[in-house]
$ cat query.pdb   # PDB, C-alpha atoms
ATOM      1  CA  MET V   1     151.343 102.391  84.196
ATOM      2  CA  SER V   2     154.848 100.884  84.256
ATOM      3  CA  THR V   3     156.085  98.689  87.090
ATOM      4  CA  VAL V   4     158.701 101.311  87.981
ATOM      5  CA  TRP V   5     156.014 103.973  88.415
ATOM      6  CA  ILE V   6     153.955 101.649  90.615
ATOM      7  CA  ALA V   7     157.032 100.964  92.782
ATOM      8  CA  VAL V   8     157.872 104.683  92.955
ATOM      9  CA  ILE V   9     154.358 105.693  94.012
ATOM     10  CA  ALA V  10     153.704 102.779  96.375
ATOM     11  CA  ALA V  11     157.031 103.212  98.191
ATOM     12  CA  SER V  12     156.678 107.004  98.337
ATOM     13  CA  VAL V  13     153.177 106.888  99.809
ATOM     14  CA  GLY V  14     154.219 104.068 102.155
ATOM     15  CA  CYS V  15     157.238 105.986 103.458
ATOM     16  CA  TYR V  16     155.097 109.083 103.994
ATOM     17  CA  LEU V  17     152.497 107.068 105.929
ATOM     18  CA  LEU V  18     155.307 105.654 108.122
ATOM     19  CA  LYS V  19     156.298 109.238 108.992
ATOM     20  CA  LEU V  20     152.678 110.242 109.648
ATOM     21  CA  ALA V  21     152.147 107.164 111.829
ATOM     22  CA  GLY V  22     154.944 108.299 114.140
ATOM     23  CA  LEU V  23     153.117 111.566 114.808
ATOM     24  CA  SER V  24     149.721 109.893 115.126
ATOM     25  CA  VAL V  25     149.940 106.586 116.998
ATOM     26  CA  PRO V  26     150.341 106.224 120.769
ATOM     27  CA  ALA V  27     154.035 106.036 121.707
ATOM     28  CA  SER V  28     153.546 102.641 123.354
ATOM     29  CA  TRP V  29     152.707 101.047 119.980
ATOM     30  CA  VAL V  30     156.079 101.965 118.543
ATOM     31  CA  GLU V  31     158.199 101.538 121.654
ATOM     32  CA  GLN V  32     158.189  97.739 121.378
ATOM     33  CA  PRO V  33     161.458  95.774 121.624
ATOM     34  CA  TRP V  34     160.986  94.245 118.168
ATOM     35  CA  VAL V  35     160.471  97.645 116.561
ATOM     36  CA  ALA V  36     163.547  99.026 118.326
ATOM     37  CA  ARG V  37     165.487  96.013 117.062
ATOM     38  CA  ILE V  38     164.417  96.560 113.442
ATOM     39  CA  VAL V  39     165.208 100.254 113.612
ATOM     40  CA  ASP V  40     168.626  99.630 115.198
ATOM     41  CA  PHE V  41     169.912  96.812 113.047
ATOM     42  CA  VAL V  42     168.009  96.432 109.773
ATOM     43  CA  PRO V  43     169.619  99.528 108.192
ATOM     44  CA  ALA V  44     173.131  98.081 108.693
ATOM     45  CA  ALA V  45     172.161  94.731 107.124
ATOM     46  CA  LEU V  46     170.256  96.375 104.281
ATOM     47  CA  LEU V  47     172.884  98.995 103.440
ATOM     48  CA  ALA V  48     175.706  96.420 103.578
ATOM     49  CA  ALA V  49     173.736  94.084 101.309
ATOM     50  CA  LEU V  50     173.237  96.986  98.893
ATOM     51  CA  VAL V  51     176.968  97.834  98.987
ATOM     52  CA  ALA V  52     177.750  94.218  98.080
ATOM     53  CA  VAL V  53     175.095  93.884  95.370
ATOM     54  CA  GLN V  54     175.736  97.287  93.789
ATOM     55  CA  GLY V  55     179.515  96.949  94.017
ATOM     56  CA  LEU V  56     180.132  93.334  93.065
ATOM     57  CA  THR V  57     177.248  91.874  91.096
ATOM     58  CA  SER V  58     175.656  92.212  87.691
ATOM     59  CA  GLY V  59     172.422  90.250  87.276
ATOM     60  CA  ASN V  60     173.117  86.800  88.725
ATOM     61  CA  GLU V  61     176.895  87.029  88.480
ATOM     62  CA  ILE V  62     179.664  88.259  90.739
ATOM     63  CA  VAL V  63     181.617  90.826  88.694
ATOM     64  CA  ILE V  64     184.888  92.482  89.678
ATOM     65  CA  ASP V  65     185.428  95.838  87.947
ATOM     66  CA  GLY V  66     186.061  99.526  88.621
ATOM     67  CA  ARG V  67     183.268  99.580  91.183
ATOM     68  CA  LEU V  68     185.416  97.551  93.591
ATOM     69  CA  ALA V  69     188.272 100.050  93.186
ATOM     70  CA  GLY V  70     185.735 102.795  93.880
ATOM     71  CA  LEU V  71     184.607 101.042  97.055
ATOM     72  CA  ALA V  72     188.197 100.610  98.255
ATOM     73  CA  VAL V  73     188.954 104.288  97.675
ATOM     74  CA  ALA V  74     185.668 105.268  99.345
ATOM     75  CA  ALA V  75     186.460 103.155 102.424
ATOM     76  CA  LEU V  76     189.865 104.804 102.721
ATOM     77  CA  ALA V  77     188.350 108.274 102.356
ATOM     78  CA  LEU V  78     185.662 107.493 104.950
ATOM     79  CA  ALA V  79     188.289 106.205 107.374
ATOM     80  CA  LEU V  80     190.070 109.555 106.949
ATOM     81  CA  ARG V  81     186.758 111.329 107.702
ATOM     82  CA  ALA V  82     186.378 112.874 104.271
ATOM     83  CA  PRO V  83     183.021 114.585 103.621
ATOM     84  CA  PHE V  84     180.329 112.570 101.796
ATOM     85  CA  ILE V  85     180.686 114.474  98.532
ATOM     86  CA  VAL V  86     184.495 114.004  98.483
ATOM     87  CA  VAL V  87     184.010 110.273  99.058
ATOM     88  CA  LEU V  88     181.687 110.053  96.061
ATOM     89  CA  VAL V  89     183.962 112.081  93.767
ATOM     90  CA  LEU V  90     187.007 109.952  94.671
ATOM     91  CA  ALA V  91     185.043 106.718  94.158
ATOM     92  CA  GLY V  92     183.828 107.960  90.777
ATOM     93  CA  ALA V  93     187.363 108.938  89.750
ATOM     94  CA  ALA V  94     188.648 105.472  90.704
ATOM     95  CA  GLY V  95     185.867 103.805  88.696
ATOM     96  CA  ALA V  96     186.571 105.993  85.663
ATOM     97  CA  LEU V  97     190.326 105.339  85.906
ATOM     98  CA  VAL V  98     189.823 101.566  85.930
ATOM     99  CA  HIS V  99     187.456 101.904  82.953
ATOM    100  CA  VAL V 100     190.060 103.873  80.973
ATOM    101  CA  LEU V 101     192.930 101.510  81.894
ATOM    102  CA  THR V 102     191.037  98.287  81.169
ATOM    103  CA  GLY V 103     188.670  99.429  78.437
TER     104      GLY V 103
ATOM    105  CA  MET R   1     166.281 138.368 116.016
ATOM    106  CA  LEU R   2     167.700 137.049 119.277
ATOM    107  CA  PRO R   3     171.257 135.725 118.973
ATOM    108  CA  ASP R   4     170.329 132.111 119.734
ATOM    109  CA  ARG R   5     167.481 132.200 117.218
ATOM    110  CA  ALA R   6     169.864 133.571 114.574
ATOM    111  CA  GLN R   7     172.374 130.855 115.438
ATOM    112  CA  THR R   8     169.689 128.148 115.158
ATOM    113  CA  VAL R   9     168.563 129.458 111.765
ATOM    114  CA  ARG R  10     172.173 129.634 110.549
ATOM    115  CA  ASP R  11     172.909 126.055 111.636
ATOM    116  CA  ALA R  12     169.659 124.756 110.143
ATOM    117  CA  VAL R  13     170.189 126.518 106.801
ATOM    118  CA  GLY R  14     173.789 125.274 106.649
ATOM    119  CA  LEU R  15     172.815 121.681 107.343
ATOM    120  CA  GLY R  16     169.866 121.869 104.941
ATOM    121  CA  LEU R  17     172.031 123.174 102.092
ATOM    122  CA  ALA R  18     174.927 120.765 102.729
ATOM    123  CA  VAL R  19     172.776 117.650 102.954
ATOM    124  CA  GLY R  20     170.472 118.867 100.181
ATOM    125  CA  LEU R  21     173.413 118.868  97.758
ATOM    126  CA  TYR R  22     173.592 115.054  98.014
ATOM    127  CA  GLY R  23     170.428 115.077  95.930
ATOM    128  CA  VAL R  24     172.805 115.232  92.948
ATOM    129  CA  ALA R  25     174.090 111.772  93.887
ATOM    130  CA  PHE R  26     170.532 110.502  94.244
ATOM    131  CA  GLY R  27     169.425 111.924  90.884
ATOM    132  CA  ALA R  28     172.458 110.332  89.233
ATOM    133  CA  ALA R  29     171.829 106.988  90.958
ATOM    134  CA  ALA R  30     168.181 107.060  89.854
ATOM    135  CA  ASP R  31     169.248 107.668  86.251
ATOM    136  CA  ALA R  32     171.844 104.870  86.456
ATOM    137  CA  ALA R  33     169.067 102.541  87.660
ATOM    138  CA  GLY R  34     166.955 103.345  84.612
ATOM    139  CA  LEU R  35     164.453 105.741  86.202
ATOM    140  CA  ASP R  36     163.488 108.883  84.304
ATOM    141  CA  VAL R  37     163.811 112.366  85.745
ATOM    142  CA  TRP R  38     160.101 112.528  86.724
ATOM    143  CA  GLN R  39     160.332 109.299  88.699
ATOM    144  CA  ALA R  40     163.449 110.597  90.473
ATOM    145  CA  LEU R  41     161.670 113.855  91.252
ATOM    146  CA  VAL R  42     158.519 112.148  92.599
ATOM    147  CA  LEU R  43     160.744 110.128  94.934
ATOM    148  CA  SER R  44     162.486 113.249  96.236
ATOM    149  CA  ALA R  45     159.244 115.252  96.479
ATOM    150  CA  VAL R  46     156.949 112.599  97.993
ATOM    151  CA  MET R  47     159.142 109.968  99.638
ATOM    152  CA  PHE R  48     161.754 112.526 100.813
ATOM    153  CA  THR R  49     163.908 110.200 102.894
ATOM    154  CA  GLY R  50     167.335 109.633 101.369
ATOM    155  CA  ALA R  51     168.299 106.109 102.407
ATOM    156  CA  SER R  52     164.911 104.713 101.314
ATOM    157  CA  GLN R  53     165.189 106.536  97.982
ATOM    158  CA  PHE R  54     168.683 105.119  97.358
ATOM    159  CA  ALA R  55     167.478 101.644  98.366
ATOM    160  CA  LEU R  56     164.510 101.722  95.983
ATOM    161  CA  VAL R  57     166.577 102.725  92.959
ATOM    162  CA  GLY R  58     169.433 100.424  94.064
ATOM    163  CA  VAL R  59     167.227  97.340  94.047
ATOM    164  CA  LEU R  60     165.485  98.328  90.797
ATOM    165  CA  GLY R  61     168.878  99.070  89.239
ATOM    166  CA  ALA R  62     170.139  95.613  90.203
ATOM    167  CA  GLY R  63     167.196  94.179  88.238
ATOM    168  CA  GLY R  64     165.134  93.491  91.339
ATOM    169  CA  SER R  65     161.359  93.217  91.458
ATOM    170  CA  ALA R  66     159.126  96.130  92.407
ATOM    171  CA  ALA R  67     158.121  94.282  95.582
ATOM    172  CA  ALA R  68     161.738  93.833  96.711
ATOM    173  CA  ALA R  69     162.464  97.496  95.968
ATOM    174  CA  VAL R  70     159.389  98.780  97.820
ATOM    175  CA  GLY R  71     160.102  96.441 100.749
ATOM    176  CA  SER R  72     163.662  97.759 101.099
ATOM    177  CA  ALA R  73     162.472 101.372 101.033
ATOM    178  CA  LEU R  74     159.784 100.732 103.667
ATOM    179  CA  LEU R  75     162.155  98.853 105.988
ATOM    180  CA  LEU R  76     164.524 101.830 105.980
ATOM    181  CA  GLY R  77     161.589 104.254 106.290
ATOM    182  CA  LEU R  78     160.433 102.645 109.521
ATOM    183  CA  ARG R  79     162.969 104.627 111.552
ATOM    184  CA  ASN R  80     161.125 107.836 110.648
ATOM    185  CA  THR R  81     158.117 106.433 112.551
ATOM    186  CA  VAL R  82     160.228 106.210 115.673
ATOM    187  CA  TYR R  83     161.584 109.725 115.098
ATOM    188  CA  GLY R  84     157.995 110.978 114.873
ATOM    189  CA  VAL R  85     157.135 109.479 118.236
ATOM    190  CA  ARG R  86     160.128 111.276 119.785
ATOM    191  CA  LEU R  87     159.223 114.560 118.079
ATOM    192  CA  VAL R  88     155.537 114.776 119.086
ATOM    193  CA  PRO R  89     156.145 116.196 122.598
ATOM    194  CA  LEU R  90     158.614 118.718 121.148
ATOM    195  CA  LEU R  91     156.754 119.896 118.046
ATOM    196  CA  ARG R  92     153.154 119.330 119.227
ATOM    197  CA  PRO R  93     151.573 119.642 115.770
ATOM    198  CA  ARG R  94     147.924 120.745 116.176
ATOM    199  CA  GLY R  95     145.271 119.764 113.663
ATOM    200  CA  VAL R  96     145.401 117.614 110.532
ATOM    201  CA  PRO R  97     147.217 120.066 108.164
ATOM    202  CA  ALA R  98     149.989 120.787 110.695
ATOM    203  CA  ARG R  99     150.398 117.085 111.416
ATOM    204  CA  ALA R 100     150.440 116.168 107.705
ATOM    205  CA  GLY R 101     152.962 118.898 106.888
ATOM    206  CA  THR R 102     155.200 118.162 109.859
ATOM    207  CA  ALA R 103     155.213 114.442 109.028
ATOM    208  CA  HIS R 104     156.635 115.133 105.575
ATOM    209  CA  LEU R 105     159.748 116.734 107.085
ATOM    210  CA  VAL R 106     160.494 113.965 109.624
ATOM    211  CA  ILE R 107     163.902 112.585 108.544
ATOM    212  CA  ASP R 108     167.330 111.921 110.133
ATOM    213  CA  GLU R 109     168.635 115.470 109.800
ATOM    214  CA  THR R 110     165.540 117.380 110.953
ATOM    215  CA  THR R 111     165.131 115.043 113.929
ATOM    216  CA  ALA R 112     168.740 115.704 114.891
ATOM    217  CA  LEU R 113     168.213 119.477 114.577
ATOM    218  CA  ALA R 114     165.057 119.403 116.696
ATOM    219  CA  LEU R 115     166.497 117.173 119.418
ATOM    220  CA  ALA R 116     169.844 119.012 119.580
ATOM    221  CA  ALA R 117     168.271 122.437 120.201
ATOM    222  CA  PRO R 118     168.490 123.827 123.761
ATOM    223  CA  ASP R 119     164.724 124.413 124.107
ATOM    224  CA  ARG R 120     161.371 123.595 122.504
ATOM    225  CA  GLY R 121     160.999 126.866 120.577
ATOM    226  CA  LEU R 122     164.461 126.596 119.026
ATOM    227  CA  GLY R 123     163.839 122.903 118.360
ATOM    228  CA  ARG R 124     160.729 123.729 116.327
ATOM    229  CA  LEU R 125     162.569 126.526 114.527
ATOM    230  CA  GLY R 126     165.536 124.302 113.634
ATOM    231  CA  PHE R 127     163.222 121.504 112.483
ATOM    232  CA  LEU R 128     161.164 123.779 110.224
ATOM    233  CA  VAL R 129     163.967 125.865 108.726
ATOM    234  CA  GLY R 130     166.297 122.893 108.234
ATOM    235  CA  GLY R 131     163.475 120.769 106.830
ATOM    236  CA  VAL R 132     162.247 123.330 104.314
ATOM    237  CA  VAL R 133     165.752 124.295 103.111
ATOM    238  CA  LEU R 134     166.764 120.641 102.801
ATOM    239  CA  TYR R 135     163.527 119.781 100.968
ATOM    240  CA  LEU R 136     163.924 122.533  98.368
ATOM    241  CA  THR R 137     167.655 121.892  97.835
ATOM    242  CA  TRP R 138     167.228 118.115  97.688
ATOM    243  CA  ASN R 139     164.526 118.326  95.014
ATOM    244  CA  ALA R 140     166.429 120.857  92.893
ATOM    245  CA  THR R 141     169.689 118.866  93.028
ATOM    246  CA  THR R 142     167.820 115.616  92.253
ATOM    247  CA  VAL R 143     166.762 117.098  88.903
ATOM    248  CA  VAL R 144     170.322 118.353  88.243
ATOM    249  CA  GLY R 145     171.760 114.899  89.016
ATOM    250  CA  ALA R 146     169.221 113.000  86.926
ATOM    251  CA  LEU R 147     169.539 115.281  83.872
ATOM    252  CA  GLY R 148     173.336 115.507  84.211
ATOM    253  CA  ALA R 149     173.760 111.735  84.443
ATOM    254  CA  ALA R 150     171.508 111.165  81.416
ATOM    255  CA  ALA R 151     173.970 113.134  79.268
ATOM    256  CA  LEU R 152     177.056 111.089  80.255
ATOM    257  CA  GLY R 153     179.353 109.012  78.000
ATOM    258  CA  GLY R 154     181.073 105.664  78.662
ATOM    259  CA  THR R 155     183.819 106.702  81.048
ATOM    260  CA  ALA R 156     181.517 108.991  83.035
ATOM    261  CA  ARG R 157     179.019 106.102  83.228
ATOM    262  CA  ALA R 158     181.756 103.907  84.730
ATOM    263  CA  ALA R 159     182.427 106.670  87.240
ATOM    264  CA  LEU R 160     178.730 106.807  88.116
ATOM    265  CA  ASP R 161     178.579 103.008  88.478
ATOM    266  CA  ALA R 162     181.355 103.310  91.073
ATOM    267  CA  VAL R 163     179.645 106.193  92.874
ATOM    268  CA  VAL R 164     176.441 104.271  93.684
ATOM    269  CA  PRO R 165     177.950 101.505  95.879
ATOM    270  CA  ALA R 166     180.246 104.118  97.454
ATOM    271  CA  ALA R 167     177.139 106.137  98.397
ATOM    272  CA  PHE R 168     175.679 103.117 100.178
ATOM    273  CA  LEU R 169     179.005 102.569 101.947
ATOM    274  CA  ALA R 170     179.008 106.213 103.074
ATOM    275  CA  LEU R 171     175.460 105.825 104.442
ATOM    276  CA  LEU R 172     176.488 102.637 106.252
ATOM    277  CA  TRP R 173     179.814 103.891 107.643
ATOM    278  CA  PRO R 174     178.611 106.051 110.591
ATOM    279  CA  ARG R 175     176.560 103.100 111.913
ATOM    280  CA  LEU R 176     179.719 101.032 112.347
ATOM    281  CA  GLY R 177     181.597 103.592 114.425
ATOM    282  CA  ARG R 178     181.663 104.433 118.103
ATOM    283  CA  GLY R 179     178.961 107.115 117.908
ATOM    284  CA  PHE R 180     176.290 104.490 117.304
ATOM    285  CA  ALA R 181     174.582 102.006 119.627
ATOM    286  CA  GLU R 182     176.389  98.649 119.800
ATOM    287  CA  PRO R 183     178.933  99.212 116.993
ATOM    288  CA  ALA R 184     180.362  95.680 117.326
ATOM    289  CA  VAL R 185     176.925  94.158 116.687
ATOM    290  CA  GLN R 186     176.344  96.656 113.863
ATOM    291  CA  ARG R 187     179.580  95.500 112.214
ATOM    292  CA  ARG R 188     178.598  91.817 112.523
ATOM    293  CA  VAL R 189     175.141  92.586 111.135
ATOM    294  CA  ALA R 190     176.634  94.510 108.201
ATOM    295  CA  LEU R 191     179.157  91.783 107.377
ATOM    296  CA  GLY R 192     176.425  89.157 107.612
ATOM    297  CA  GLY R 193     174.151  91.141 105.312
ATOM    298  CA  ALA R 194     176.859  91.576 102.670
ATOM    299  CA  VAL R 195     177.988  87.917 102.777
ATOM    300  CA  VAL R 196     174.454  86.500 102.584
ATOM    301  CA  ALA R 197     173.553  88.847  99.701
ATOM    302  CA  LEU R 198     176.627  87.838  97.684
ATOM    303  CA  ALA R 199     176.185  84.142  98.451
ATOM    304  CA  LEU R 200     172.571  84.205  97.226
ATOM    305  CA  THR R 201     173.275  86.284  94.094
ATOM    306  CA  PRO R 202     173.791  83.359  91.656
ATOM    307  CA  PHE R 203     170.662  81.542  92.850
ATOM    308  CA  VAL R 204     167.812  84.021  93.327
ATOM    309  CA  PRO R 205     166.200  86.702  91.122
ATOM    310  CA  ALA R 206     168.111  89.999  91.299
ATOM    311  CA  GLY R 207     167.059  92.191  94.203
ATOM    312  CA  VAL R 208     165.627  89.320  96.237
ATOM    313  CA  GLN R 209     169.052  88.643  97.782
ATOM    314  CA  VAL R 210     168.952  92.080  99.442
ATOM    315  CA  ILE R 211     165.691  91.408 101.291
ATOM    316  CA  ALA R 212     166.726  87.804 101.979
ATOM    317  CA  ALA R 213     169.984  89.012 103.530
ATOM    318  CA  VAL R 214     168.100  91.329 105.885
ATOM    319  CA  VAL R 215     165.648  88.620 106.923
ATOM    320  CA  ALA R 216     168.468  86.094 107.457
ATOM    321  CA  VAL R 217     170.484  88.490 109.606
ATOM    322  CA  VAL R 218     167.464  89.491 111.696
ATOM    323  CA  LEU R 219     166.503  85.842 112.275
ATOM    324  CA  ALA R 220     170.105  84.875 113.094
ATOM    325  CA  GLY R 221     170.341  87.661 115.659
ATOM    326  CA  ARG R 222     167.125  86.786 117.470
ATOM    327  CA  PRO R 223     168.111  84.246 120.153
ATOM    328  CA  ARG R 224     171.108  86.300 121.332
ATOM    329  CA  ARG R 225     168.918  89.329 121.887
ATOM    330  CA  GLU R 226     166.288  87.354 123.791
ATOM    331  CA  VAL R 227     168.951  85.942 126.113
ATOM    332  CA  ALA R 228     170.339  89.422 126.618
ATOM    333  CA  ALA R 229     166.871  90.789 127.412
TER     334      ALA R 229
END
$ encode --input "query.pdb" --output "structure tokens"
Amino acid sequence: MSTVWIAVIAASVGCYLLKLAGLSVPASWVEQPWVARIVDFVPAALLAALVAVQGLTSGNEIVIDGRLAGLAVAALALALRAPFIVVLVLAGAAGALVHVLTG
Amino acid sequence: MLPDRAQTVRDAVGLGLAVGLYGVAFGAAADAAGLDVWQALVLSAVMFTGASQFALVGVLGAGGSAAAAVGSALLLGLRNTVYGVRLVPLLRPRGVPARAGTAHLVIDETTALALAAPDRGLGRLGFLVGGVVLYLTWNATTVVGALGAAALGGTARAALDAVVPAAFLALLWPRLGRGFAEPAVQRRVALGGAVVALALTPFVPAGVQVIAAVVAVVLAGRPRREVAA
């Protein structure tokens, strides 16, 4: 079995068990300050790190290309409260435009 | 059907369909990361929690290890545990099959539907209808996205490459605004995560910088919180 399959299955089963745990464990186990802290703040750190890595890196290098234009357009669209799907289409269009102009 | 039940069903179906359509973006992101359509579908069918799914394929797509990818998905999945705790008094699932089935549908959107309803009966109805509609739509659109992306040429690929980070930005954005707890801290945490990840990129194996950024930000935030508490 490939590494990707192992990651897919392990993470899928793990995420399901996290959901099941919420319905099964006593509330006091989960209502700890450190759990609240992870739930409140880890997503922001993780998602921002993924924005940076997906938008600006390739392997071990920092790379500036159409993805950065896509991010800029997406940020503008989000600030104007555009729906999710519009944000993605605009970002994709910006990335494609940069590819056509520079490629 | 009573008017408020009809209204609850309408809202739940609308939300389920609208959010379920984003499965196209996930299927495309999975393909861009090198996953095949079956792997994308297993993620949507079994994991069924969007941010964790995007994180897993994001880290794998960046060349990260399986461990870093699984770790990212689980960290984001932990919030569903907390949702479950809040939902138990409302949904009161009885017996193992009901509990196992209910657990599968515990995500951001269904929790919001259940908690926003005016009473327990409507909460359960919104949770179930929204959850089932979202599940079916999300899985169908995942396949469409993965197959569609696999057929793309160079320029469309570049478009897709730009869509993936934008999707993460769109997931992050609501956390930084006024609707969320402590938006100023959220913004500092997000900036810290991005800066640490970029700074580590040249020096660590791909994907590790994402987990390292999270750990660094959490550790850096610790003393301030303890003083505050």
$ residues_around --input "query.pdb" --residues "Gly58 (chain R)" --least-positions-apart "2" --cutoff "9 Å" --atoms "all atoms listed in the file" --output "PyMOL selection string"
(chain V and resi 50+53-54) or (chain R and resi 29-30+33+53-56+60-64+69+164-165+207)
$ atom_distance --input "query.pdb" --atom1 "CA of Val63 (chain V)" --atom2 "CA of Val37 (chain R)"
28.1 Å
$ interface_residues --input "query.pdb" --of "chain V" --to "chain R" --cutoff "7 Å" --atoms "all atoms listed in the file" --output "JSON list (two decimals) with C-alpha atoms, keeping the file's coordinate frame"
[["chain", "number", "residue", "atom", "x", "y", "z"],
["V", 3, "THR", "CA", 156.08, 98.69, 87.09],
["V", 4, "VAL", "CA", 158.70, 101.31, 87.98],
["V", 5, "TRP", "CA", 156.01, 103.97, 88.42],
["V", 7, "ALA", "CA", 157.03, 100.96, 92.78],
["V", 8, "VAL", "CA", 157.87, 104.68, 92.96],
["V", 11, "ALA", "CA", 157.03, 103.21, 98.19],
["V", 12, "SER", "CA", 156.68, 107.00, 98.34],
["V", 13, "VAL", "CA", 153.18, 106.89, 99.81],
["V", 14, "GLY", "CA", 154.22, 104.07, 102.16],
["V", 15, "CYS", "CA", 157.24, 105.99, 103.46],
["V", 16, "TYR", "CA", 155.10, 109.08, 103.99],
["V", 18, "LEU", "CA", 155.31, 105.65, 108.12],
["V", 19, "LYS", "CA", 156.30, 109.24, 108.99],
["V", 20, "LEU", "CA", 152.68, 110.24, 109.65],
["V", 21, "ALA", "CA", 152.15, 107.16, 111.83],
["V", 22, "GLY", "CA", 154.94, 108.30, 114.14],
["V", 23, "LEU", "CA", 153.12, 111.57, 114.81],
["V", 27, "ALA", "CA", 154.04, 106.04, 121.71],
["V", 30, "VAL", "CA", 156.08, 101.96, 118.54],
["V", 39, "VAL", "CA", 165.21, 100.25, 113.61],
["V", 41, "PHE", "CA", 169.91, 96.81, 113.05],
["V", 42, "VAL", "CA", 168.01, 96.43, 109.77],
["V", 43, "PRO", "CA", 169.62, 99.53, 108.19],
["V", 44, "ALA", "CA", 173.13, 98.08, 108.69],
["V", 45, "ALA", "CA", 172.16, 94.73, 107.12],
["V", 46, "LEU", "CA", 170.26, 96.38, 104.28],
["V", 47, "LEU", "CA", 172.88, 99.00, 103.44],
["V", 48, "ALA", "CA", 175.71, 96.42, 103.58],
["V", 49, "ALA", "CA", 173.74, 94.08, 101.31],
["V", 50, "LEU", "CA", 173.24, 96.99, 98.89],
["V", 51, "VAL", "CA", 176.97, 97.83, 98.99],
["V", 52, "ALA", "CA", 177.75, 94.22, 98.08],
["V", 53, "VAL", "CA", 175.10, 93.88, 95.37],
["V", 54, "GLN", "CA", 175.74, 97.29, 93.79],
["V", 55, "GLY", "CA", 179.52, 96.95, 94.02],
["V", 58, "SER", "CA", 175.66, 92.21, 87.69],
["V", 59, "GLY", "CA", 172.42, 90.25, 87.28],
["V", 60, "ASN", "CA", 173.12, 86.80, 88.72],
["V", 61, "GLU", "CA", 176.90, 87.03, 88.48],
["V", 66, "GLY", "CA", 186.06, 99.53, 88.62],
["V", 67, "ARG", "CA", 183.27, 99.58, 91.18],
["V", 70, "GLY", "CA", 185.74, 102.80, 93.88],
["V", 71, "LEU", "CA", 184.61, 101.04, 97.06],
["V", 74, "ALA", "CA", 185.67, 105.27, 99.34],
["V", 84, "PHE", "CA", 180.33, 112.57, 101.80],
["V", 88, "LEU", "CA", 181.69, 110.05, 96.06],
["V", 91, "ALA", "CA", 185.04, 106.72, 94.16],
["V", 92, "GLY", "CA", 183.83, 107.96, 90.78],
["V", 93, "ALA", "CA", 187.36, 108.94, 89.75],
["V", 95, "GLY", "CA", 185.87, 103.80, 88.70],
["V", 96, "ALA", "CA", 186.57, 105.99, 85.66],
["V", 99, "HIS", "CA", 187.46, 101.90, 82.95],
["V", 100, "VAL", "CA", 190.06, 103.87, 80.97]]
$ resolve_selection --input "query.pdb" --expression "the PyMOL selection byres ((chain R and resi 2-10) around 7)" --output "JSON, numbers by chain"
{"R": [1, 11, 12, 13, 14, 122, 126, 129]}
$ write_last_selection --input "query.pdb" --atoms "C-alpha atoms" --output "short mmCIF file (atom, residue, chain, number, x, y, z; two decimals), keeping the file's coordinate frame"
data_model
loop_
_atom_site.label_atom_id
_atom_site.label_comp_id
_atom_site.auth_asym_id
_atom_site.auth_seq_id
_atom_site.Cartn_x
_atom_site.Cartn_y
_atom_site.Cartn_z
CA MET R 1 166.28 138.37 116.02
CA ASP R 11 172.91 126.06 111.64
CA ALA R 12 169.66 124.76 110.14
CA VAL R 13 170.19 126.52 106.80
CA GLY R 14 173.79 125.27 106.65
CA LEU R 122 164.46 126.60 119.03
CA GLY R 126 165.54 124.30 113.63
CA VAL R 129 163.97 125.86 108.73
#
$ resolve_selection --input "query.pdb" --expression "the PyMOL selection byres ((chain R and resi 145) around 9)" --output "ChimeraX atom specification"
/R:23-31,37,140-144,146-150
$ axis_aligned_box --input "query.pdb" --around "region 50-66 of chain V" --padding-each-side "8 Å" --output "JSON"
{"center_x": 179.2, "center_y": 93.2, "center_z": 93.1, "size_x": 29.6, "size_y": 28.7, "size_z": 27.7}
$ closest_residue --input "query.pdb" --among "V:Ser24, V:Thr102, V:Ile9, V:Asp40" --to "Ile64 (chain V)" --atoms "only C-alpha atoms"
V:Thr102
$ atom_distance --input "query.pdb" --atom1 "CA of Val132 (chain R)" --atom2 "CA of Val87 (chain V)"
25.9 Å
$ atom_distance --input "query.pdb" --atom1 "CA of Pro183 (chain R)" --atom2 "CA of Asp119 (chain R)"
29.8 Å
$ build_atoms --input "query.pdb" --residues "region 88-95 of chain V" --atoms "N, CA and C atoms" --output "CSV table (one decimal), in the frame of the given file"
chain,number,residue,atom,x,y,z
V,88,LEU,N,182.3,110.4,97.3
V,88,LEU,CA,181.7,110.1,96.1
V,88,LEU,C,182.5,110.4,94.9
V,89,VAL,N,183.1,111.6,94.9
V,89,VAL,CA,184.0,112.1,93.8
V,89,VAL,C,185.2,111.2,93.6
V,90,LEU,N,185.8,110.8,94.7
V,90,LEU,CA,187.0,110.0,94.7
V,90,LEU,C,186.6,108.6,94.1
V,91,ALA,N,185.5,108.0,94.6
V,91,ALA,CA,185.0,106.7,94.2
V,91,ALA,C,184.8,106.8,92.7
V,92,GLY,N,184.1,107.8,92.2
V,92,GLY,CA,183.8,108.0,90.8
V,92,GLY,C,185.1,108.1,90.0
V,93,ALA,N,186.1,108.8,90.5
V,93,ALA,CA,187.4,108.9,89.8
V,93,ALA,C,188.1,107.6,89.6
V,94,ALA,N,188.0,106.8,90.7
V,94,ALA,CA,188.6,105.5,90.7
V,94,ALA,C,188.0,104.6,89.7
V,95,GLY,N,186.6,104.6,89.7
V,95,GLY,CA,185.9,103.8,88.7
V,95,GLY,C,186.2,104.2,87.3
